[in-house]
Amino acid sequence: MLTQIKVHNLSKAYGHRLLFRNLSLTIPNHSVFVLLGRNGAGKTTFLRILCGLVSASSGEIEITVDGKVLTPQEKRAQIGLVAPELELYEELSAVENLEFFAGVRGIPFSLTSVRELLDFVGLKGRGLDLVHTYSSGMKQRLKYAYALLHEPKILVLDEPTTNLDEDGVKLVEAIIARQRRRGIVVMATNDPREVAYGEQTLSLDTAKPGDLA
Amino acid sequence: MSRRFPWIRQSLVIWHKELRIEFRTRFAYSTLLMFAVTTLITISFSVGGFVPDSDITAALLWIILFFSAMAGLGRTFVQEEEKKTVTALKLAVAPEPVFLGKYFFNVTLLCSLTVLVVPLFLVLLNQSVPQWPPFLVTVILGVLGLAGASTIIAAIVAKAEAKSAMMTILAFPVLVPLLLAAINATRACLAGASGAAPASELYVLLFYNGAVLTASLLLFEYIWNE
């Protein structure tokens, strides 16, 4: 399946503060796109607009799969997000969290496949523990399980290796490599090691209208 | 049916998640129950052996249920915002099933409270109910209306700064028609043979529920999305 993200003249302002203006770019299938910029430059806002969580001041982001433009409902099924401002339910276990999100997404829940996913993200044997007993690194790993549960075409990562140890960083590298084969990775970071994963980068500090069109 | 109506299945999944978390934390139910029981005991002590007339009894019952609902149901959406789970939920499901799931949960909480509080209230205030069927319909419709209005107002309050004060302030004007109709219907049921059957009040309660649910489902998307 051919997935593509097209950004058309995207602008975002909060009140009088302009974050970015008239951004236009295309992110092709099987690629990793990295967004750079100082704190407050608008990286997270760009990712939230891409995910449909925040509306743009003007312009739009169009996601197409096999030439068909996705509706907001279809976007939900094709986007997985890992971000510092996204948390999972601490009163539930990892398995219960994934069971819940599989339920609302309408995808079949199997304990075996969920255990495999938790093993993959490095939470083997901890699936039945309540999330509030997890360390911050384990919570970050669980966010990857949440983001990959529905096998999205687009994986959106905001500061992807936050709180992770060296093994966790290698896990993120493996996830990015796998996702590149499946579709697209869009990432916001300033970490030089993470920037190196991307074929295409855009700095919001220096972005001019029409960049990367 | 759930395949044809995904909203229903998704709402039930959200309702189940809310119940599971509530069973573990017991936050909302404890708040509702503590408020209702302390108010009820205070009222029963203050009236002593005196049997208040149906006007006062009906108003007291709905005051207890109203303030219990305000105390316990307001956190439905606030905790999703405060614990940052709202983003994960927004990414996974459309707004309408979220509203319905939270509404079903609030109905469950308020019904389980009402089942305990109403009989206790009638016993402690030495009240008999000559017209049981309309009384039960009044309580059910009143509780559904309280839960519906509380759910949509809780969603608005979750976006506000002064959350604790906002819930009661916003809810009161919205709930006045419901409370007046519920109090009038309850009074008629408690007054017995001397009171007329509260048909018009029951229609008001029924239409109030329909209006609140319809408006909530239409407006919730704009409240839920930034």
# chains A, B, ... in the order shown; residues from 1 in each chain; ligands from 1
call {"tool": "interface_residues", "arguments": {"of": "chain B", "to": "chain A", "cutoff": "9 Å", "atoms": "only C-alpha atoms", "output": "JSON, numbers by chain"}}
result
{"B": [6, 9, 10, 11, 12, 13, 14, 16, 17, 20, 21, 24, 25, 80, 83, 84, 85, 86, 87, 88, 89, 90, 91, 92, 93, 94, 97, 225, 226]}
call {"tool": "residues_around", "arguments": {"residues": "A:Leu142", "least_positions_apart": "4", "cutoff": "8 Å", "atoms": "only C-alpha atoms", "output": "number ranges by chain"}}
result
A: 94, 118, 121, 123, 138, 146
call {"tool": "residues_around", "arguments": {"residues": "B:Val157", "least_positions_apart": "4", "cutoff": "8 Å", "atoms": "only C-alpha atoms", "output": "PyMOL selection string"}}
result
chain B and resi 74+78+153+163+166-167
call {"tool": "closest_residue", "arguments": {"among": "B:Leu19, B:Cys111, B:Ala188, B:Leu120", "to": "B:Thr38", "atoms": "only C-alpha atoms"}}
result
B:Leu120
call {"tool": "closest_atom_pairs", "arguments": {"of": "stretch 41-105 of chain A", "to": "stretch 15-22 of chain A", "cutoff": "8 Å", "atoms": "only C-alpha atoms", "output": "Markdown table"}}
result
| residue | atom | partner | partner_atom | distance |
| --- | --- | --- | --- | --- |
| A:Ala41 | CA | A:Leu19 | CA | 6.1 |
| A:Gly42 | CA | A:Leu19 | CA | 5.5 |
| A:Gly59 | CA | A:Asn22 | CA | 7.3 |
call {"tool": "write_last_selection", "arguments": {"atoms": "N, CA, C and O atoms", "output": "compact mmCIF listing (two decimals), in the first residue's frame"}}
result
# COMPACT_ATOMS: atom_id res chain seq x y z
N ALA A 41 9.30 26.05 18.96
CA ALA A 41 9.28 26.38 17.52
C ALA A 41 8.01 25.87 16.84
O ALA A 41 7.65 26.34 15.76
N GLY A 42 7.35 24.89 17.46
CA GLY A 42 6.09 24.38 16.88
C GLY A 42 6.16 22.93 16.42
O GLY A 42 5.27 22.46 15.71
N GLY A 59 -4.48 26.21 5.88
CA GLY A 59 -3.82 25.10 5.20
C GLY A 59 -4.29 23.76 5.74
O GLY A 59 -5.17 23.70 6.60
call {"tool": "closest_residue", "arguments": {"among": "B:Tyr208, B:Phe77, B:Phe99, B:Phe135", "to": "B:Leu190", "atoms": "only C-alpha atoms"}}
result
B:Phe135
call {"tool": "residues_around", "arguments": {"residues": "stretch 148-152 of chain B", "least_positions_apart": "2", "cutoff": "10 Å", "atoms": "only C-alpha atoms", "output": "ChimeraX atom specification"}}
result
/B:66,69-70,72-77,99-100,102-107,142-146,154-157,167-168,170-172,174-175,178,208-213,215-217,219-220,223
call {"tool": "closest_residue", "arguments": {"among": "B:Gln127, B:Ala147, B:Trp224, B:Thr42", "to": "B:Ile56", "atoms": "only C-alpha atoms"}}
result
B:Gln127
call {"tool": "select_by_dssp", "arguments": {"residues": "stretch 11-222 of chain B", "states": "alpha helix (DSSP H)", "output": "MDAnalysis selection string"}}
result
chainID B and resid 11:25 27:47 54:73 75:82 86:92 95:124 132:157 163:191 199:222
call {"tool": "residues_around", "arguments": {"residues": "A:Glu159", "least_positions_apart": "2", "cutoff": "7 Å", "atoms": "only C-alpha atoms", "output": "number ranges by chain"}}
result
A: 83, 157, 161-162, 188-189
call {"tool": "atom_distance", "arguments": {"atom1": "atom CA of B:Leu205", "atom2": "atom CA of B:Val117"}}
result
20.5 Å
